[in-house]
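Data block for protein.pdb (PDB, C-alpha atoms, pLDDT in the B column):
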```pdb
ATOM      1  CA  MET O   1      47.393 -37.032 -55.890  1.00 81.00           C
ATOM      2  CA  LYS O   2      45.783 -35.269 -52.952  1.00 91.00           C
ATOM      3  CA  ARG O   3      47.721 -33.433 -50.271  1.00 94.00           C
ATOM      4  CA  ALA O   4      46.512 -35.854 -47.614  1.00 94.00           C
ATOM      5  CA  GLU O   5      47.902 -38.798 -49.581  1.00 96.00           C
ATOM      6  CA  ILE O   6      51.229 -37.049 -49.993  1.00 97.00           C
ATOM      7  CA  ILE O   7      51.502 -36.200 -46.322  1.00 96.00           C
ATOM      8  CA  SER O   8      50.657 -39.800 -45.458  1.00 96.00           C
ATOM      9  CA  GLN O   9      53.472 -41.035 -47.692  1.00 97.00           C
ATOM     10  CA  LEU O  10      55.805 -38.403 -46.276  1.00 97.00           C
ATOM     11  CA  ASN O  11      55.042 -39.652 -42.761  1.00 96.00           C
ATOM     12  CA  GLU O  12      56.077 -43.160 -43.826  1.00 96.00           C
ATOM     13  CA  ILE O  13      59.264 -41.877 -45.449  1.00 97.00           C
ATOM     14  CA  PHE O  14      60.181 -39.786 -42.411  1.00 97.00           C
ATOM     15  CA  GLU O  15      59.541 -42.691 -40.033  1.00 96.00           C
ATOM     16  CA  ASP O  16      61.743 -44.952 -42.132  1.00 94.00           C
ATOM     17  CA  ILE O  17      64.608 -42.494 -42.542  1.00 95.00           C
ATOM     18  CA  ILE O  18      64.620 -40.784 -39.162  1.00 93.00           C
ATOM     19  CA  ASP O  19      63.847 -43.951 -37.239  1.00 88.00           C
ATOM     20  CA  GLU O  20      62.775 -42.254 -34.051  1.00 86.00           C
ATOM     21  CA  GLY O  21      59.245 -43.600 -33.795  1.00 87.00           C
ATOM     22  CA  SER O  22      56.000 -42.295 -35.129  1.00 91.00           C
ATOM     23  CA  VAL O  23      56.033 -39.091 -37.176  1.00 93.00           C
ATOM     24  CA  SER O  24      52.967 -36.952 -37.649  1.00 94.00           C
ATOM     25  CA  LEU O  25      53.719 -34.178 -40.097  1.00 96.00           C
ATOM     26  CA  SER O  26      51.443 -31.234 -40.700  1.00 96.00           C
ATOM     27  CA  GLU O  27      51.535 -28.534 -43.346  1.00 96.00           C
ATOM     28  CA  THR O  28      53.321 -26.244 -40.913  1.00 97.00           C
ATOM     29  CA  SER O  29      55.883 -28.759 -39.674  1.00 97.00           C
ATOM     30  CA  THR O  30      59.532 -27.736 -39.906  1.00 96.00           C
ATOM     31  CA  SER O  31      62.782 -29.458 -39.031  1.00 94.00           C
ATOM     32  CA  ASN O  32      62.513 -27.919 -35.566  1.00 95.00           C
ATOM     33  CA  ASP O  33      59.347 -29.919 -34.958  1.00 94.00           C
ATOM     34  CA  VAL O  34      60.672 -33.364 -35.883  1.00 94.00           C
ATOM     35  CA  ASP O  35      63.290 -35.061 -33.709  1.00 93.00           C
ATOM     36  CA  GLY O  36      66.130 -36.373 -35.806  1.00 94.00           C
ATOM     37  CA  TRP O  37      65.482 -34.164 -38.848  1.00 95.00           C
ATOM     38  CA  ASP O  38      69.081 -32.989 -39.094  1.00 94.00           C
ATOM     39  CA  SER O  39      71.183 -32.105 -42.115  1.00 92.00           C
ATOM     40  CA  LEU O  40      72.206 -35.685 -42.932  1.00 92.00           C
ATOM     41  CA  ALA O  41      68.652 -36.955 -42.453  1.00 94.00           C
ATOM     42  CA  HIS O  42      67.527 -34.150 -44.752  1.00 95.00           C
ATOM     43  CA  ILE O  43      69.702 -35.514 -47.574  1.00 95.00           C
ATOM     44  CA  GLN O  44      68.310 -39.004 -47.032  1.00 95.00           C
ATOM     45  CA  LEU O  45      64.774 -37.636 -46.938  1.00 97.00           C
ATOM     46  CA  ILE O  46      65.167 -35.773 -50.219  1.00 97.00           C
ATOM     47  CA  VAL O  47      66.649 -38.850 -51.888  1.00 97.00           C
ATOM     48  CA  ALA O  48      63.806 -41.025 -50.580  1.00 97.00           C
ATOM     49  CA  ILE O  49      61.134 -38.515 -51.601  1.00 98.00           C
ATOM     50  CA  GLU O  50      62.576 -38.191 -55.105  1.00 97.00           C
ATOM     51  CA  LYS O  51      62.628 -41.975 -55.467  1.00 96.00           C
ATOM     52  CA  THR O  52      59.162 -42.519 -53.997  1.00 97.00           C
ATOM     53  CA  PHE O  53      57.429 -39.906 -56.134  1.00 97.00           C
ATOM     54  CA  ASN O  54      59.770 -40.388 -59.118  1.00 96.00           C
ATOM     55  CA  ILE O  55      60.552 -36.689 -59.279  1.00 97.00           C
ATOM     56  CA  LYS O  56      63.643 -34.469 -59.117  1.00 97.00           C
ATOM     57  CA  PHE O  57      64.093 -31.330 -57.073  1.00 97.00           C
ATOM     58  CA  SER O  58      66.564 -28.544 -57.652  1.00 96.00           C
ATOM     59  CA  SER O  59      68.674 -27.192 -54.848  1.00 95.00           C
ATOM     60  CA  ASP O  60      66.893 -23.831 -55.221  1.00 96.00           C
ATOM     61  CA  GLU O  61      63.553 -25.521 -54.645  1.00 97.00           C
ATOM     62  CA  ILE O  62      64.745 -27.253 -51.517  1.00 96.00           C
ATOM     63  CA  LEU O  63      66.236 -24.065 -50.123  1.00 95.00           C
ATOM     64  CA  SER O  64      62.970 -22.222 -50.723  1.00 96.00           C
ATOM     65  CA  TRP O  65      60.844 -24.455 -48.499  1.00 96.00           C
ATOM     66  CA  ASN O  66      59.854 -23.052 -45.142  1.00 96.00           C
ATOM     67  CA  ASN O  67      57.746 -25.994 -44.036  1.00 97.00           C
ATOM     68  CA  VAL O  68      56.302 -29.327 -45.108  1.00 97.00           C
ATOM     69  CA  GLY O  69      53.362 -27.600 -46.809  1.00 97.00           C
ATOM     70  CA  GLU O  70      55.742 -25.866 -49.211  1.00 97.00           C
ATOM     71  CA  MET O  71      57.466 -29.182 -49.831  1.00 97.00           C
ATOM     72  CA  ILE O  72      54.071 -30.643 -50.770  1.00 97.00           C
ATOM     73  CA  ASP O  73      53.369 -27.665 -53.059  1.00 97.00           C
ATOM     74  CA  CYS O  74      56.595 -28.468 -54.867  1.00 97.00           C
ATOM     75  CA  ILE O  75      55.774 -32.175 -55.155  1.00 97.00           C
ATOM     76  CA  LEU O  76      52.353 -31.349 -56.601  1.00 96.00           C
ATOM     77  CA  LYS O  77      53.924 -29.117 -59.276  1.00 95.00           C
ATOM     78  CA  LYS O  78      56.058 -31.973 -60.601  1.00 91.00           C
TER      79      LYS O  78
ATOM     80  CA  MET M   1      77.654 -33.308 -61.607  1.00 68.00           C
ATOM     81  CA  GLU M   2      80.666 -35.606 -62.020  1.00 85.00           C
ATOM     82  CA  PHE M   3      78.622 -38.790 -62.334  1.00 95.00           C
ATOM     83  CA  GLN M   4      76.211 -39.872 -65.019  1.00 96.00           C
ATOM     84  CA  LEU M   5      73.260 -42.181 -64.527  1.00 97.00           C
ATOM     85  CA  ASN M   6      74.209 -45.796 -65.403  1.00 97.00           C
ATOM     86  CA  GLU M   7      77.932 -44.971 -65.495  1.00 98.00           C
ATOM     87  CA  MET M   8      79.771 -48.217 -64.735  1.00 98.00           C
ATOM     88  CA  PHE M   9      82.844 -48.823 -62.596  1.00 98.00           C
ATOM     89  CA  LYS M  10      84.745 -52.096 -62.367  1.00 98.00           C
ATOM     90  CA  HIS M  11      87.501 -53.395 -60.170  1.00 98.00           C
ATOM     91  CA  GLN M  12      88.875 -56.756 -59.107  1.00 98.00           C
ATOM     92  CA  PHE M  13      89.399 -57.780 -55.504  1.00 98.00           C
ATOM     93  CA  THR M  14      90.921 -60.860 -53.878  1.00 98.00           C
ATOM     94  CA  VAL M  15      90.589 -61.918 -50.258  1.00 98.00           C
ATOM     95  CA  THR M  16      94.237 -62.735 -49.652  1.00 98.00           C
ATOM     96  CA  LEU M  17      95.668 -64.299 -46.505  1.00 98.00           C
ATOM     97  CA  ASP M  18      97.043 -60.924 -45.535  1.00 98.00           C
ATOM     98  CA  ILE M  19      93.626 -59.242 -45.864  1.00 98.00           C
ATOM     99  CA  TYR M  20      91.951 -62.108 -44.000  1.00 98.00           C
ATOM    100  CA  ASN M  21      94.445 -61.837 -41.136  1.00 98.00           C
ATOM    101  CA  HIS M  22      94.148 -58.077 -40.900  1.00 98.00           C
ATOM    102  CA  PHE M  23      90.350 -58.227 -40.905  1.00 98.00           C
ATOM    103  CA  GLN M  24      90.376 -60.881 -38.194  1.00 98.00           C
ATOM    104  CA  MET M  25      92.608 -58.700 -36.061  1.00 98.00           C
ATOM    105  CA  CYS M  26      90.447 -55.646 -36.706  1.00 97.00           C
ATOM    106  CA  SER M  27      87.110 -57.327 -36.025  1.00 98.00           C
ATOM    107  CA  ASN M  28      88.298 -59.819 -33.388  1.00 98.00           C
ATOM    108  CA  ASP M  29      85.760 -62.246 -34.899  1.00 98.00           C
ATOM    109  CA  ARG M  30      87.121 -65.771 -34.531  1.00 98.00           C
ATOM    110  CA  ASN M  31      83.918 -67.660 -35.231  1.00 98.00           C
ATOM    111  CA  PRO M  32      84.937 -71.178 -36.338  1.00 98.00           C
ATOM    112  CA  LEU M  33      83.175 -70.820 -39.679  1.00 98.00           C
ATOM    113  CA  HIS M  34      85.950 -68.372 -40.532  1.00 98.00           C
ATOM    114  CA  THR M  35      88.842 -69.970 -38.688  1.00 98.00           C
ATOM    115  CA  ASP M  36      88.362 -73.755 -38.511  1.00 98.00           C
ATOM    116  CA  GLU M  37      88.510 -75.813 -41.711  1.00 98.00           C
ATOM    117  CA  GLU M  38      86.925 -78.870 -40.088  1.00 98.00           C
ATOM    118  CA  PHE M  39      84.046 -76.853 -38.635  1.00 98.00           C
ATOM    119  CA  ALA M  40      83.387 -75.235 -42.022  1.00 98.00           C
ATOM    120  CA  ARG M  41      83.428 -78.625 -43.799  1.00 98.00           C
ATOM    121  CA  ALA M  42      81.054 -80.066 -41.201  1.00 98.00           C
ATOM    122  CA  LYS M  43      78.654 -77.250 -42.086  1.00 98.00           C
ATOM    123  CA  GLY M  44      78.794 -78.099 -45.775  1.00 98.00           C
ATOM    124  CA  PHE M  45      81.436 -75.687 -47.032  1.00 98.00           C
ATOM    125  CA  PRO M  46      84.552 -76.876 -48.868  1.00 98.00           C
ATOM    126  CA  GLU M  47      86.826 -74.766 -46.651  1.00 98.00           C
ATOM    127  CA  LYS M  48      86.630 -71.945 -44.166  1.00 98.00           C
ATOM    128  CA  VAL M  49      84.415 -69.097 -45.280  1.00 98.00           C
ATOM    129  CA  MET M  50      85.889 -65.634 -45.623  1.00 98.00           C
ATOM    130  CA  TYR M  51      84.359 -62.868 -43.540  1.00 98.00           C
ATOM    131  CA  GLY M  52      81.559 -61.305 -45.561  1.00 98.00           C
ATOM    132  CA  ASN M  53      82.346 -57.918 -44.152  1.00 98.00           C
ATOM    133  CA  ILE M  54      85.700 -57.927 -45.884  1.00 98.00           C
ATOM    134  CA  LEU M  55      83.574 -57.114 -48.924  1.00 98.00           C
ATOM    135  CA  ASN M  56      82.273 -54.070 -47.102  1.00 98.00           C
ATOM    136  CA  ALA M  57      85.876 -52.990 -46.696  1.00 97.00           C
ATOM    137  CA  PHE M  58      86.349 -53.451 -50.444  1.00 98.00           C
ATOM    138  CA  VAL M  59      83.337 -51.196 -50.983  1.00 98.00           C
ATOM    139  CA  SER M  60      85.028 -48.623 -48.768  1.00 98.00           C
ATOM    140  CA  TYR M  61      88.140 -48.849 -50.943  1.00 98.00           C
ATOM    141  CA  PHE M  62      86.035 -48.462 -54.073  1.00 98.00           C
ATOM    142  CA  ILE M  63      84.380 -45.301 -52.817  1.00 98.00           C
ATOM    143  CA  GLY M  64      87.503 -43.836 -51.270  1.00 97.00           C
ATOM    144  CA  GLU M  65      90.036 -44.713 -53.928  1.00 97.00           C
ATOM    145  CA  CYS M  66      88.501 -45.761 -57.245  1.00 97.00           C
ATOM    146  CA  LEU M  67      86.130 -42.934 -58.096  1.00 97.00           C
ATOM    147  CA  PRO M  68      87.203 -39.973 -60.242  1.00 95.00           C
ATOM    148  CA  THR M  69      86.979 -37.656 -57.228  1.00 96.00           C
ATOM    149  CA  LYS M  70      88.217 -37.846 -53.650  1.00 96.00           C
ATOM    150  CA  ASN M  71      85.516 -35.420 -52.500  1.00 97.00           C
ATOM    151  CA  VAL M  72      83.205 -38.153 -51.273  1.00 97.00           C
ATOM    152  CA  ILE M  73      81.618 -39.328 -48.062  1.00 97.00           C
ATOM    153  CA  ILE M  74      79.578 -42.475 -47.565  1.00 97.00           C
ATOM    154  CA  HIS M  75      76.033 -41.799 -46.379  1.00 96.00           C
ATOM    155  CA  SER M  76      74.807 -45.385 -46.327  1.00 95.00           C
ATOM    156  CA  GLN M  77      75.925 -48.803 -47.417  1.00 97.00           C
ATOM    157  CA  GLU M  78      73.828 -51.939 -47.724  1.00 97.00           C
ATOM    158  CA  ILE M  79      74.991 -55.430 -48.526  1.00 98.00           C
ATOM    159  CA  ALA M  80      73.292 -58.784 -49.027  1.00 98.00           C
ATOM    160  CA  PHE M  81      75.458 -61.882 -49.011  1.00 98.00           C
ATOM    161  CA  LYS M  82      74.433 -64.408 -51.645  1.00 98.00           C
ATOM    162  CA  ASN M  83      77.235 -66.952 -51.820  1.00 98.00           C
ATOM    163  CA  PRO M  84      80.294 -67.637 -49.666  1.00 98.00           C
ATOM    164  CA  VAL M  85      83.712 -66.369 -50.639  1.00 98.00           C
ATOM    165  CA  PHE M  86      86.850 -68.408 -50.102  1.00 98.00           C
ATOM    166  CA  MET M  87      90.510 -67.544 -49.699  1.00 98.00           C
ATOM    167  CA  ASN M  88      92.217 -66.193 -52.840  1.00 98.00           C
ATOM    168  CA  GLU M  89      89.069 -66.126 -54.961  1.00 98.00           C
ATOM    169  CA  LYS M  90      89.182 -63.302 -57.479  1.00 98.00           C
ATOM    170  CA  LEU M  91      86.013 -61.248 -57.254  1.00 98.00           C
ATOM    171  CA  ASP M  92      84.892 -59.002 -60.072  1.00 98.00           C
ATOM    172  CA  PHE M  93      83.316 -55.897 -58.610  1.00 98.00           C
ATOM    173  CA  GLU M  94      80.842 -53.956 -60.712  1.00 98.00           C
ATOM    174  CA  ALA M  95      79.065 -50.805 -59.635  1.00 98.00           C
ATOM    175  CA  HIS M  96      76.837 -48.555 -61.653  1.00 98.00           C
ATOM    176  CA  VAL M  97      75.331 -45.188 -60.873  1.00 98.00           C
ATOM    177  CA  SER M  98      71.694 -45.941 -60.092  1.00 98.00           C
ATOM    178  CA  GLY M  99      70.687 -42.518 -58.865  1.00 97.00           C
ATOM    179  CA  VAL M 100      71.874 -38.936 -59.205  1.00 97.00           C
ATOM    180  CA  PHE M 101      70.374 -36.517 -56.681  1.00 97.00           C
ATOM    181  CA  GLU M 102      71.743 -33.163 -57.698  1.00 96.00           C
ATOM    182  CA  ALA M 103      69.658 -31.153 -55.259  1.00 96.00           C
ATOM    183  CA  VAL M 104      71.532 -32.689 -52.331  1.00 96.00           C
ATOM    184  CA  ASN M 105      74.808 -33.647 -54.106  1.00 96.00           C
ATOM    185  CA  ALA M 106      74.220 -37.357 -53.571  1.00 97.00           C
ATOM    186  CA  ILE M 107      74.953 -40.348 -55.773  1.00 98.00           C
ATOM    187  CA  GLU M 108      73.615 -43.875 -55.427  1.00 98.00           C
ATOM    188  CA  PHE M 109      75.414 -46.964 -56.703  1.00 98.00           C
ATOM    189  CA  LYS M 110      74.146 -50.492 -57.145  1.00 98.00           C
ATOM    190  CA  TYR M 111      76.988 -52.945 -56.913  1.00 98.00           C
ATOM    191  CA  LYS M 112      77.774 -56.625 -56.991  1.00 98.00           C
ATOM    192  CA  PHE M 113      80.721 -58.906 -56.373  1.00 98.00           C
ATOM    193  CA  ILE M 114      80.921 -61.770 -58.869  1.00 98.00           C
ATOM    194  CA  LYS M 115      82.727 -64.995 -58.091  1.00 98.00           C
ATOM    195  CA  PRO M 116      84.925 -66.803 -60.660  1.00 97.00           C
ATOM    196  CA  ASP M 117      82.060 -69.219 -61.397  1.00 97.00           C
ATOM    197  CA  GLY M 118      79.763 -66.301 -62.248  1.00 98.00           C
ATOM    198  CA  LYS M 119      77.683 -66.514 -59.093  1.00 98.00           C
ATOM    199  CA  ILE M 120      76.960 -63.361 -57.133  1.00 98.00           C
ATOM    200  CA  ALA M 121      78.908 -63.270 -53.869  1.00 98.00           C
ATOM    201  CA  ALA M 122      77.172 -60.153 -52.612  1.00 98.00           C
ATOM    202  CA  LYS M 123      75.268 -57.172 -53.862  1.00 98.00           C
ATOM    203  CA  GLY M 124      73.959 -53.970 -52.457  1.00 98.00           C
ATOM    204  CA  LEU M 125      73.460 -50.257 -52.537  1.00 98.00           C
ATOM    205  CA  ILE M 126      75.725 -47.369 -51.583  1.00 98.00           C
ATOM    206  CA  GLN M 127      74.791 -43.748 -51.219  1.00 97.00           C
ATOM    207  CA  ILE M 128      77.532 -41.170 -51.167  1.00 98.00           C
ATOM    208  CA  GLY M 129      77.639 -37.443 -50.813  1.00 97.00           C
ATOM    209  CA  LEU M 130      79.877 -35.224 -52.928  1.00 97.00           C
ATOM    210  CA  LEU M 131      81.814 -32.824 -50.746  1.00 96.00           C
ATOM    211  CA  LYS M 132      82.067 -29.239 -51.971  1.00 89.00           C
TER     212      LYS M 132
END
```
How would this structure read if it were set down as C-alpha cells?
Amino acid sequence: MKRAEIISQLNEIFEDIIDEGSVSLSETSTSNDVDGWDSLAHIQLIVAIEKTFNIKFSSDEILSWNNVGEMIDCILKK
Amino acid sequence: MEFQLNEMFKHQFTVTLDIYNHFQMCSNDRNPLHTDEEFARAKGFPEKVMYGNILNAFVSYFIGECLPTKNVIIHSQEIAFKNPVFMNEKLDFEAHVSGVFEAVNAIEFKYKFIKPDGKIAAKGLIQIGLLK
C-alpha cells in the first residue's frame, strides 16, 4: 500500500471519529493541527486504525510518533 | 491485559415495573407507545412496549458491575433495536470481547439481548477504556 492511499484512508478515519468536518492530513500533521484530536479521540483513532488496517500497535510505538508521517511509517512496517 | 479475545460474559435482565417506572421518571418520556396499552395495541403490539433505552441502562450495569474489574470507563456504546421488549420479559444478555487494543488500554464488546422466544431484542457494540 502506498503512502498516499494510507493518508487518504486516515483522512476518512479522522473525519469519522473527530466529526468536525473535512480533515486534510499531511505527513507533518500533529494533534495541534487537527481540531478535535484530543486524548479521547486519540484512543478512538488508534482503535479505528487498527481495525481498518487489521494491525496492532504497541504503546511504545504510539508514544514514539511525532507526526502523521511517523504513524504511516509504522503502519507500513506491519 | 485482563480480557481475552472472544471471552464471553452472560447475565440475565428483566424490565420490571419498578425499573420501568424509574426509567420513565428519569427520562420523562411518556410517549403513548410506552404508557398506553390501547395505543400500543392499535399499533400492532400486544401490550405497551418497554423503553428501548432501558437496555442501554442494563449495558451500563454490565460494564460498571459485572466485569472482573471496576477500573473501567465507557468510551462509546451503540445499540440497534430489533424486536420490542415487554414488561417482565427475561432477557438473556450475552457479550463477548470482540477487540483488545492494548496500545490504548481499550476493549470492545459485541453484545446482544435475547428474548425468551430466542429472538434478538437488541444488539450492539461497546468500547471501554481500562483505567490505570
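Using all atoms listed in the file, the protein and nucleic acid residues lying no more than 12 Å from Glu12 of chain O, apart from those fewer than 6 places from it along its own chain, are Glu5, Ile6, Ile18, Asp19, Glu20, Gly21, Ser22, Val23, Ser24, Leu25, Leu45, Ala48, Ile49 and Thr52 of chain O.
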Residues of the last selection are to be written out with C-alpha atoms, as a short mmCIF file (atom, residue, chain, number, x, y, z; two decimals), in the coordinates of the input.
```cif
data_model
loop_
_atom_site.label_atom_id
_atom_site.label_comp_id
_atom_site.auth_asym_id
_atom_site.auth_seq_id
_atom_site.Cartn_x
_atom_site.Cartn_y
_atom_site.Cartn_z
CA GLU O 5 47.90 -38.80 -49.58
CA ILE O 6 51.23 -37.05 -49.99
CA ILE O 18 64.62 -40.78 -39.16
CA ASP O 19 63.85 -43.95 -37.24
CA GLU O 20 62.78 -42.25 -34.05
CA GLY O 21 59.24 -43.60 -33.80
CA SER O 22 56.00 -42.30 -35.13
CA VAL O 23 56.03 -39.09 -37.18
CA SER O 24 52.97 -36.95 -37.65
CA LEU O 25 53.72 -34.18 -40.10
CA LEU O 45 64.77 -37.64 -46.94
CA ALA O 48 63.81 -41.02 -50.58
CA ILE O 49 61.13 -38.52 -51.60
CA THR O 52 59.16 -42.52 -54.00
#
```
| note | Expressed in Å, the length from atom CA of Glu70 of chain O to atom CA of Asn105 of chain M is 21.2 Å
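Between atom CA of Lys56 of chain O and atom CA of Ser60 of chain M the separation is 27.7 Å.
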| field | Interface, chain O side, toward chain M (12 Å; all atoms listed in the file) as a ChimeraX atom specification | value | /O:17,39-51,54-63
Could you write out the selected residues, including C-alpha atoms, as a PDB file, keeping the file's coordinate frame?
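Printed below is out-v5.pdb as written:
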```
ATOM      1  CA  ILE O  17      64.608 -42.494 -42.542  1.00 95.00           C
ATOM      2  CA  SER O  39      71.183 -32.105 -42.115  1.00 92.00           C
ATOM      3  CA  LEU O  40      72.206 -35.685 -42.932  1.00 92.00           C
ATOM      4  CA  ALA O  41      68.652 -36.955 -42.453  1.00 94.00           C
ATOM      5  CA  HIS O  42      67.527 -34.150 -44.752  1.00 95.00           C
ATOM      6  CA  ILE O  43      69.702 -35.514 -47.574  1.00 95.00           C
ATOM      7  CA  GLN O  44      68.310 -39.004 -47.032  1.00 95.00           C
ATOM      8  CA  LEU O  45      64.774 -37.636 -46.938  1.00 97.00           C
ATOM      9  CA  ILE O  46      65.167 -35.773 -50.219  1.00 97.00           C
ATOM     10  CA  VAL O  47      66.649 -38.850 -51.888  1.00 97.00           C
ATOM     11  CA  ALA O  48      63.806 -41.025 -50.580  1.00 97.00           C
ATOM     12  CA  ILE O  49      61.134 -38.515 -51.601  1.00 98.00           C
ATOM     13  CA  GLU O  50      62.576 -38.191 -55.105  1.00 97.00           C
ATOM     14  CA  LYS O  51      62.628 -41.975 -55.467  1.00 96.00           C
ATOM     15  CA  ASN O  54      59.770 -40.388 -59.118  1.00 96.00           C
ATOM     16  CA  ILE O  55      60.552 -36.689 -59.279  1.00 97.00           C
ATOM     17  CA  LYS O  56      63.643 -34.469 -59.117  1.00 97.00           C
ATOM     18  CA  PHE O  57      64.093 -31.330 -57.073  1.00 97.00           C
ATOM     19  CA  SER O  58      66.564 -28.544 -57.652  1.00 96.00           C
ATOM     20  CA  SER O  59      68.674 -27.192 -54.848  1.00 95.00           C
ATOM     21  CA  ASP O  60      66.893 -23.831 -55.221  1.00 96.00           C
ATOM     22  CA  GLU O  61      63.553 -25.521 -54.645  1.00 97.00           C
ATOM     23  CA  ILE O  62      64.745 -27.253 -51.517  1.00 96.00           C
ATOM     24  CA  LEU O  63      66.236 -24.065 -50.123  1.00 95.00           C
TER      25      LEU O  63
END
```
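Distance annotation: of O:Met71, O:Lys78, O:Ile7, O:Phe14, the residue with the minimal separation from Asp35 of chain O is O:Phe14; atom set is all atoms listed in the file.
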| field | Selection near segment 21-35 of chain M, 6 Å with all atoms listed in the file, sequence-local residues under 3 positions removed, as a ChimeraX atom specification | value | /M:18,40,48-50
Might I get the box with edges along x, y and z of the file that holds all atoms of segment 55-67 of chain M listed there, padded by 5 Å on every side, given as centre and edge lengths in Å to one decimal, as JSON?
```
{"center_x": 86.2, "center_y": -50.0, "center_z": -52.4, "size_x": 17.8, "size_y": 24.2, "size_z": 21.4}
```
| message | I'd like the contact shell of segment 121-123 of chain M - 12 Å cut-off, only C-alpha atoms, skipping same-chain residues fewer than 6 positions apart - returned as a ChimeraX atom specification. | response | /M:13,49-56,58-59,77-86,89-96,109-115
Quick one: write out the picked residues with C-alpha atoms as an mmCIF file, in the coordinates of the input?
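The resulting file, selection_29.cif, is reproduced below:
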```cif
data_model
loop_
_atom_site.group_PDB
_atom_site.id
_atom_site.type_symbol
_atom_site.label_atom_id
_atom_site.label_comp_id
_atom_site.auth_asym_id
_atom_site.auth_seq_id
_atom_site.Cartn_x
_atom_site.Cartn_y
_atom_site.Cartn_z
ATOM 1 C CA PHE M 13 89.399 -57.780 -55.504
ATOM 2 C CA VAL M 49 84.415 -69.097 -45.280
ATOM 3 C CA MET M 50 85.889 -65.634 -45.623
ATOM 4 C CA TYR M 51 84.359 -62.868 -43.540
ATOM 5 C CA GLY M 52 81.559 -61.305 -45.561
ATOM 6 C CA ASN M 53 82.346 -57.918 -44.152
ATOM 7 C CA ILE M 54 85.700 -57.927 -45.884
ATOM 8 C CA LEU M 55 83.574 -57.114 -48.924
ATOM 9 C CA ASN M 56 82.273 -54.070 -47.102
ATOM 10 C CA PHE M 58 86.349 -53.451 -50.444
ATOM 11 C CA VAL M 59 83.337 -51.196 -50.983
ATOM 12 C CA GLN M 77 75.925 -48.803 -47.417
ATOM 13 C CA GLU M 78 73.828 -51.939 -47.724
ATOM 14 C CA ILE M 79 74.991 -55.430 -48.526
ATOM 15 C CA ALA M 80 73.292 -58.784 -49.027
ATOM 16 C CA PHE M 81 75.458 -61.882 -49.011
ATOM 17 C CA LYS M 82 74.433 -64.408 -51.645
ATOM 18 C CA ASN M 83 77.235 -66.952 -51.820
ATOM 19 C CA PRO M 84 80.294 -67.637 -49.666
ATOM 20 C CA VAL M 85 83.712 -66.369 -50.639
ATOM 21 C CA PHE M 86 86.850 -68.408 -50.102
ATOM 22 C CA GLU M 89 89.069 -66.126 -54.961
ATOM 23 C CA LYS M 90 89.182 -63.302 -57.479
ATOM 24 C CA LEU M 91 86.013 -61.248 -57.254
ATOM 25 C CA ASP M 92 84.892 -59.002 -60.072
ATOM 26 C CA PHE M 93 83.316 -55.897 -58.610
ATOM 27 C CA GLU M 94 80.842 -53.956 -60.712
ATOM 28 C CA ALA M 95 79.065 -50.805 -59.635
ATOM 29 C CA HIS M 96 76.837 -48.555 -61.653
ATOM 30 C CA PHE M 109 75.414 -46.964 -56.703
ATOM 31 C CA LYS M 110 74.146 -50.492 -57.145
ATOM 32 C CA TYR M 111 76.988 -52.945 -56.913
ATOM 33 C CA LYS M 112 77.774 -56.625 -56.991
ATOM 34 C CA PHE M 113 80.721 -58.906 -56.373
ATOM 35 C CA ILE M 114 80.921 -61.770 -58.869
ATOM 36 C CA LYS M 115 82.727 -64.995 -58.091
#
```
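For the atom pair formed by atom CA of Asp73 of chain O and atom CA of Glu15 of chain O, the distance is 20.8 Å, given to one decimal.
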